[in-house]
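Engineer: Can you read through this structure? Questions will come right after.
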Amino acid sequence: MRLIINKIILFLSTLAAVLGLIFLFWILITLTIKGIKSVNLYIFTHDLVENGLRNLLIGQFVLSLIAIVIGVPIGMVAGIYLQEYSFNNKFALFIRNLSDVMMSAPSIVIGTFVYAILVNPIGHMNGWAGAVALAILMLPIVVRTTDDMLGLVPKELREAGVAIGAPKYRVIFDIIIKAAKVGIMTGLLLAFARIIGETAPLLFTSGNSQYFTLNLNHEFPSLTVAIYNLATMPDKHLVDIAWAGAFILTFFVLVINLLGRYIIKDKK
């Protein structure tokens, strides 16, 4: 009887995996067919107001890079505290649980929160709010990755550092983090891959601009929001531009994820 149940469960699991892969390849093939025919040099050299994507691509990367500058240091310091200084006290348990909750929180909730504190008081959308929203989204991933990767470092390395008389902060930065750098870097890449494709938090925070700008004090161009807006337009040419943007963004996120997996595989 157990063998029969095992075969049934195995069949259902395999069927679910196959169905998932079918839908995944269906989406990727459709996106590739519709997107690649709309990709050309023109969209990389002109802004949205001229039916191009240049300002959107640059704007998306600017927001993501600022989010990294904000989120990575805070997340890594928090992860180091949890693993090296907290000694698993109640506060550390609270931070870990909060990080897990934030990791599963809908991104639109984060966008609404940032809207309330950085957009509504000012009276208009701005690029800083968008970058902060993305930083908050990546923060729990960085915290959890740093915490987990440092936890995998053998305690003997810590003891060796202390034995030679090195202060704790030197042991952490010169020994422990170096030993866990591959895992931490992979987590950072995955966090970056997540935020660069986010749309919902930017709808409420940075908005979208049709023109090229690096002024974060006003509405800021972003590729994801533009794709959302263009995809609903009645003009077929604008919809084609949305397909091109979606293809470029998907390709970039795919490259980042593959790079993260390659780093892990190469380390093994």
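Residues are named by chain letter and number: chains run A, B, ... in the order of the structure tokens, numbers start at 1 in each chain, and ligands are numbered from 1 in the order shown.
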For the interface of region 58-96 of chain A with region 208-219 of chain A (cut-off 10 Å, counting only C-alpha atoms), please tabulate each contacting residue of region 58-96 of chain A alongside its nearest pair of atoms and their separation in Å to one decimal, rows sorted by chain and increasing number, as a tab-separated table.

Structural biologist:
residue	atom	partner	partner_atom	distance
A:Ile58	CA	A:Phe212	CA	8.4
A:Gly59	CA	A:Leu214	CA	7.6
A:Val62	CA	A:Leu214	CA	8.3
A:Leu63	CA	A:Leu216	CA	9.0

Engineer: Just N, CA and C atoms for this one: save the residues we selected as an mmCIF file, in the first residue's frame.

Structural biologist:
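Dumped everything to selection-v3.cif:
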data_model
loop_
_atom_site.group_PDB
_atom_site.id
_atom_site.type_symbol
_atom_site.label_atom_id
_atom_site.label_comp_id
_atom_site.auth_asym_id
_atom_site.auth_seq_id
_atom_site.Cartn_x
_atom_site.Cartn_y
_atom_site.Cartn_z
ATOM 1 N N ILE A 58 17.929 53.805 -17.684
ATOM 2 C CA ILE A 58 18.853 54.500 -16.780
ATOM 3 C C ILE A 58 18.176 54.778 -15.443
ATOM 4 N N GLY A 59 16.927 55.223 -15.493
ATOM 5 C CA GLY A 59 16.197 55.514 -14.260
ATOM 6 C C GLY A 59 16.020 54.292 -13.381
ATOM 7 N N VAL A 62 19.352 53.523 -11.755
ATOM 8 C CA VAL A 62 19.691 54.523 -10.733
ATOM 9 C C VAL A 62 18.935 54.231 -9.446
ATOM 10 N N LEU A 63 17.628 53.977 -9.559
ATOM 11 C CA LEU A 63 16.829 53.661 -8.374
ATOM 12 C C LEU A 63 17.346 52.405 -7.679
#

Engineer: List as a VMD selection string the protein and nucleic acid residues near Ile196 (chain A), meaning an atom at most 7 Å away when only C-alpha atoms are counted, but skip any in the same chain fewer than 3 places from it.

Structural biologist: chain A and resid 60 64 192 to 193

Engineer: Name the residues in contact with Trp243 (chain A) at a cut-off of 10 Å, using only C-alpha atoms, excluding same-chain residues fewer than 2 positions from it; report them as a list in words.

Structural biologist: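 Listing them by chain and then by number gives Thr30, Leu31, Thr32, Ile33, Lys34, Gly35, Ile36, Lys37, Ser38, Val39, Ile227, Leu230, Ala231, His237, Leu238, Val239, Asp240, Ile241, Gly245, Ala246, Phe247, Ile248 and Leu249 of chain A.
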
Engineer: Need the shell around Arg194 (chain A): protein/DNA/RNA residues with any atom at most 12 Å away, counting only C-alpha atoms. Skip same-chain ones fewer than 5 positions apart. Format as an NGL selection string?

Structural biologist: :A and (64 or 67-68 or 103 or 107 or 134-142 or 187-189 or 199 or 249-250 or 252-254 or 256-257)

Engineer: Write the residues of the selection above to a file with N, CA and C atoms, as an mmCIF file, in the first residue's frame.

Structural biologist:
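Saved file part-v9.cif follows:
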data_model
loop_
_atom_site.group_PDB
_atom_site.id
_atom_site.type_symbol
_atom_site.label_atom_id
_atom_site.label_comp_id
_atom_site.auth_asym_id
_atom_site.auth_seq_id
_atom_site.Cartn_x
_atom_site.Cartn_y
_atom_site.Cartn_z
ATOM 1 N N SER A 64 17.677 51.384 -8.475
ATOM 2 C CA SER A 64 18.152 50.119 -7.902
ATOM 3 C C SER A 64 19.508 50.286 -7.228
ATOM 4 N N ALA A 67 19.106 52.078 -4.004
ATOM 5 C CA ALA A 67 18.532 51.132 -3.040
ATOM 6 C C ALA A 67 19.607 50.211 -2.473
ATOM 7 N N ILE A 68 20.548 49.798 -3.319
ATOM 8 C CA ILE A 68 21.647 48.950 -2.859
ATOM 9 C C ILE A 68 22.531 49.709 -1.871
ATOM 10 N N MET A 103 9.964 39.681 4.389
ATOM 11 C CA MET A 103 10.339 39.003 3.157
ATOM 12 C C MET A 103 9.121 38.504 2.399
ATOM 13 N N SER A 107 4.786 43.679 -1.947
ATOM 14 C CA SER A 107 5.561 44.892 -2.218
ATOM 15 C C SER A 107 4.691 46.138 -2.239
ATOM 16 N N LEU A 134 12.466 50.411 -2.564
ATOM 17 C CA LEU A 134 13.230 49.267 -3.052
ATOM 18 C C LEU A 134 14.239 48.792 -2.010
ATOM 19 N N ALA A 135 14.846 49.733 -1.293
ATOM 20 C CA ALA A 135 15.808 49.363 -0.253
ATOM 21 C C ALA A 135 15.127 48.561 0.855
ATOM 22 N N ILE A 136 13.927 48.971 1.241
ATOM 23 C CA ILE A 136 13.186 48.241 2.276
ATOM 24 C C ILE A 136 12.846 46.836 1.789
ATOM 25 N N LEU A 137 12.541 46.701 0.504
ATOM 26 C CA LEU A 137 12.220 45.394 -0.053
ATOM 27 C C LEU A 137 13.417 44.441 -0.022
ATOM 28 N N MET A 138 14.602 44.970 -0.286
ATOM 29 C CA MET A 138 15.770 44.099 -0.321
ATOM 30 C C MET A 138 16.374 43.882 1.062
ATOM 31 N N LEU A 139 16.031 44.729 2.012
ATOM 32 C CA LEU A 139 16.626 44.668 3.355
ATOM 33 C C LEU A 139 16.470 43.293 4.022
ATOM 34 N N PRO A 140 15.274 42.703 4.081
ATOM 35 C CA PRO A 140 15.162 41.401 4.755
ATOM 36 C C PRO A 140 15.941 40.291 4.074
ATOM 37 N N ILE A 141 16.093 40.368 2.746
ATOM 38 C CA ILE A 141 16.874 39.354 2.034
ATOM 39 C C ILE A 141 18.344 39.457 2.417
ATOM 40 N N VAL A 142 18.847 40.672 2.480
ATOM 41 C CA VAL A 142 20.254 40.884 2.850
ATOM 42 C C VAL A 142 20.494 40.458 4.292
ATOM 43 N N GLY A 187 23.487 36.142 -2.313
ATOM 44 C CA GLY A 187 22.278 36.709 -1.749
ATOM 45 C C GLY A 187 22.045 38.142 -2.193
ATOM 46 N N LEU A 188 23.124 38.915 -2.295
ATOM 47 C CA LEU A 188 23.002 40.297 -2.758
ATOM 48 C C LEU A 188 22.550 40.354 -4.210
ATOM 49 N N LEU A 189 23.063 39.458 -5.040
ATOM 50 C CA LEU A 189 22.647 39.403 -6.441
ATOM 51 C C LEU A 189 21.163 39.061 -6.562
ATOM 52 N N THR A 199 7.388 46.710 -9.520
ATOM 53 C CA THR A 199 6.544 47.760 -10.088
ATOM 54 C C THR A 199 5.675 48.424 -9.033
ATOM 55 N N LEU A 249 14.125 43.554 -19.492
ATOM 56 C CA LEU A 249 14.152 43.401 -18.035
ATOM 57 C C LEU A 249 14.228 41.925 -17.642
ATOM 58 N N THR A 250 13.449 41.091 -18.297
ATOM 59 C CA THR A 250 13.460 39.656 -17.997
ATOM 60 C C THR A 250 14.823 39.044 -18.304
ATOM 61 N N PHE A 252 17.702 40.547 -18.286
ATOM 62 C CA PHE A 252 18.688 40.999 -17.294
ATOM 63 C C PHE A 252 18.522 40.262 -15.974
ATOM 64 N N VAL A 253 17.276 40.095 -15.521
ATOM 65 C CA VAL A 253 17.025 39.373 -14.264
ATOM 66 C C VAL A 253 17.476 37.918 -14.392
ATOM 67 N N LEU A 254 17.234 37.315 -15.559
ATOM 68 C CA LEU A 254 17.665 35.939 -15.793
ATOM 69 C C LEU A 254 19.182 35.820 -15.709
ATOM 70 N N ILE A 256 21.220 37.739 -13.999
ATOM 71 C CA ILE A 256 21.632 37.902 -12.603
ATOM 72 C C ILE A 256 21.429 36.600 -11.826
ATOM 73 N N ASN A 257 20.280 35.957 -12.021
ATOM 74 C CA ASN A 257 20.011 34.695 -11.323
ATOM 75 C C ASN A 257 20.978 33.598 -11.751
#

Engineer: Could you give me, as a list in words, the residues within 8 Å of Arg54 (chain A), counting only C-alpha atoms and dropping anything in the same chain fewer than 5 positions from it?

Structural biologist: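 My reading of the contact set: Ile43, Phe44, Thr45, His46, Asp47, Leu48 and Phe212 of chain A.
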
Engineer: Hey, can you spit out that residue selection with N, CA and C atoms as an mmCIF file, in the first residue's frame?

Structural biologist:
data_model
loop_
_atom_site.group_PDB
_atom_site.id
_atom_site.type_symbol
_atom_site.label_atom_id
_atom_site.label_comp_id
_atom_site.auth_asym_id
_atom_site.auth_seq_id
_atom_site.Cartn_x
_atom_site.Cartn_y
_atom_site.Cartn_z
ATOM 1 N N ILE A 43 15.530 52.300 -29.517
ATOM 2 C CA ILE A 43 14.947 52.403 -28.174
ATOM 3 C C ILE A 43 16.011 52.607 -27.101
ATOM 4 N N PHE A 44 17.259 52.281 -27.410
ATOM 5 C CA PHE A 44 18.339 52.471 -26.440
ATOM 6 C C PHE A 44 18.945 53.875 -26.516
ATOM 7 N N THR A 45 18.620 54.612 -27.558
ATOM 8 C CA THR A 45 19.221 55.941 -27.762
ATOM 9 C C THR A 45 18.203 57.077 -27.667
ATOM 10 N N HIS A 46 16.939 56.753 -27.406
ATOM 11 C CA HIS A 46 15.901 57.776 -27.315
ATOM 12 C C HIS A 46 15.059 57.547 -26.061
ATOM 13 N N ASP A 47 14.466 58.637 -25.582
ATOM 14 C CA ASP A 47 13.663 58.578 -24.369
ATOM 15 C C ASP A 47 12.223 58.197 -24.689
ATOM 16 N N LEU A 48 11.431 57.994 -23.630
ATOM 17 C CA LEU A 48 10.055 57.545 -23.795
ATOM 18 C C LEU A 48 9.220 58.530 -24.595
ATOM 19 N N PHE A 212 14.317 62.271 -19.745
ATOM 20 C CA PHE A 212 15.539 61.889 -19.050
ATOM 21 C C PHE A 212 15.825 62.881 -17.926
#

Engineer: Give me, please, the distance in Å between CA of Ile175 (chain A) and CA of Leu157 (chain A), quoted to one decimal.

Structural biologist: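 Value for the CA of Ile175 (chain A)-CA of Leu157 (chain A) distance: 7.2 Å.
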
Engineer: Using only C-alpha atoms, which protein or nucleic acid residues come within 8 Å of region 110-125 of chain A? Drop anything in the same chain fewer than 3 positions from it, and give the result as a list in words.

Structural biologist: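 With the cut-off at 8 Å, the set is Ala105, Pro106, Ser107, Ala129, Val132, Ala133, Ile136, Leu137, Ala200, Pro201, Leu202, Leu203, Phe204, Thr205, Ser206, Gly207, His218 and Glu219 of chain A.
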
Engineer: Would you save the residues from that selection as an mmCIF file, in the first residue's frame, using N, CA and C atoms?

Structural biologist:
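This is the output file out-v7.cif:
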data_model
loop_
_atom_site.group_PDB
_atom_site.id
_atom_site.type_symbol
_atom_site.label_atom_id
_atom_site.label_comp_id
_atom_site.auth_asym_id
_atom_site.auth_seq_id
_atom_site.Cartn_x
_atom_site.Cartn_y
_atom_site.Cartn_z
ATOM 1 N N ALA A 105 6.048 39.942 2.794
ATOM 2 C CA ALA A 105 5.055 41.014 2.695
ATOM 3 C C ALA A 105 4.891 41.460 1.242
ATOM 4 N N PRO A 106 3.666 41.715 0.798
ATOM 5 C CA PRO A 106 3.455 42.215 -0.569
ATOM 6 C C PRO A 106 4.177 43.539 -0.785
ATOM 7 N N SER A 107 4.786 43.679 -1.947
ATOM 8 C CA SER A 107 5.561 44.892 -2.218
ATOM 9 C C SER A 107 4.691 46.138 -2.239
ATOM 10 N N ALA A 129 11.878 58.505 -2.735
ATOM 11 C CA ALA A 129 10.881 57.611 -2.146
ATOM 12 C C ALA A 129 10.917 56.246 -2.830
ATOM 13 N N VAL A 132 14.000 54.328 -1.602
ATOM 14 C CA VAL A 132 13.809 53.851 -0.228
ATOM 15 C C VAL A 132 12.887 52.637 -0.210
ATOM 16 N N ALA A 133 11.824 52.682 -1.016
ATOM 17 C CA ALA A 133 10.901 51.547 -1.080
ATOM 18 C C ALA A 133 11.621 50.287 -1.551
ATOM 19 N N ILE A 136 13.927 48.971 1.241
ATOM 20 C CA ILE A 136 13.186 48.241 2.276
ATOM 21 C C ILE A 136 12.846 46.836 1.789
ATOM 22 N N LEU A 137 12.541 46.701 0.504
ATOM 23 C CA LEU A 137 12.220 45.394 -0.053
ATOM 24 C C LEU A 137 13.417 44.441 -0.022
ATOM 25 N N ALA A 200 4.993 47.606 -8.234
ATOM 26 C CA ALA A 200 3.981 48.115 -7.307
ATOM 27 C C ALA A 200 4.485 49.228 -6.380
ATOM 28 N N PRO A 201 5.639 49.070 -5.717
ATOM 29 C CA PRO A 201 6.066 50.149 -4.805
ATOM 30 C C PRO A 201 6.406 51.449 -5.528
ATOM 31 N N LEU A 202 6.838 51.350 -6.786
ATOM 32 C CA LEU A 202 7.200 52.555 -7.537
ATOM 33 C C LEU A 202 5.975 53.310 -8.040
ATOM 34 N N LEU A 203 4.860 52.617 -8.182
ATOM 35 C CA LEU A 203 3.627 53.286 -8.610
ATOM 36 C C LEU A 203 3.208 54.365 -7.620
ATOM 37 N N PHE A 204 3.481 54.143 -6.332
ATOM 38 C CA PHE A 204 3.057 55.075 -5.290
ATOM 39 C C PHE A 204 4.158 56.024 -4.857
ATOM 40 N N THR A 205 5.379 55.788 -5.296
ATOM 41 C CA THR A 205 6.508 56.549 -4.747
ATOM 42 C C THR A 205 7.218 57.418 -5.792
ATOM 43 N N SER A 206 7.847 56.768 -6.780
ATOM 44 C CA SER A 206 8.620 57.541 -7.758
ATOM 45 C C SER A 206 7.798 57.962 -8.961
ATOM 46 N N GLY A 207 6.655 57.283 -9.195
ATOM 47 C CA GLY A 207 5.853 57.602 -10.367
ATOM 48 C C GLY A 207 6.594 57.261 -11.646
ATOM 49 N N HIS A 218 11.948 64.919 -7.894
ATOM 50 C CA HIS A 218 10.662 64.936 -8.600
ATOM 51 C C HIS A 218 10.377 63.534 -9.144
ATOM 52 N N GLU A 219 9.284 63.427 -9.904
ATOM 53 C CA GLU A 219 8.962 62.126 -10.493
ATOM 54 C C GLU A 219 10.145 61.610 -11.295
#

Engineer: Hey, which of A:Tyr81, A:Tyr169, A:Phe23, A:Trp128 ends up closest to Gly151 (chain A)? Count only C-alpha atoms.

Structural biologist: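 Checking each candidate against Gly151 (chain A), we get A:Tyr81 as the closest.
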
Engineer: Can you pull out every residue within 10 Å of Ala179 (chain A), counting only C-alpha atoms, but drop anything in the same chain fewer than 5 positions away, and send it as number ranges by chain?

Structural biologist: A: 149-150, 152-154, 157, 172-174, 184

Engineer: Between A:Ile66, A:Glu198, A:Gly52, A:Phe25, single out the one closest to Ile108 (chain A), counting only C-alpha atoms.

Structural biologist: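 Using only C-alpha atoms, the shortest distance to Ile108 (chain A) belongs to A:Glu198.
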
Engineer: Mind giving me the straight-line distance from CA of Val143 (chain A) to CA of Gly79 (chain A) in Å, one decimal?

Structural biologist: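 Taking CA of Val143 (chain A) as the start and CA of Gly79 (chain A) as the end point, the length is 4.6 Å.
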
Engineer: Given the choices A:Val182, A:Val109, A:Ala191, A:Ile70, which gets closest to Ala131 (chain A) if the distance is worked out from only C-alpha atoms?

Structural biologist: A:Ile70

Engineer: Could you give me, as a PyMOL selection string, each residue of region 18-259 of chain A that DSSP assigns to helix (DSSP H, G or I) when run on this structure's backbone?

Structural biologist: chain A and resi 18-36+41-45+48-50+54-85+90-104+107-119+127-151+155-163+168-179+181-195+200-204+223-230+236-259

Engineer: Can you work out the spacing between CA of Phe220 (chain A) and CA of Gly127 (chain A) in Å, to one decimal?

Structural biologist: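 CA of Gly127 (chain A) lies at a distance of 5.0 Å from CA of Phe220 (chain A).
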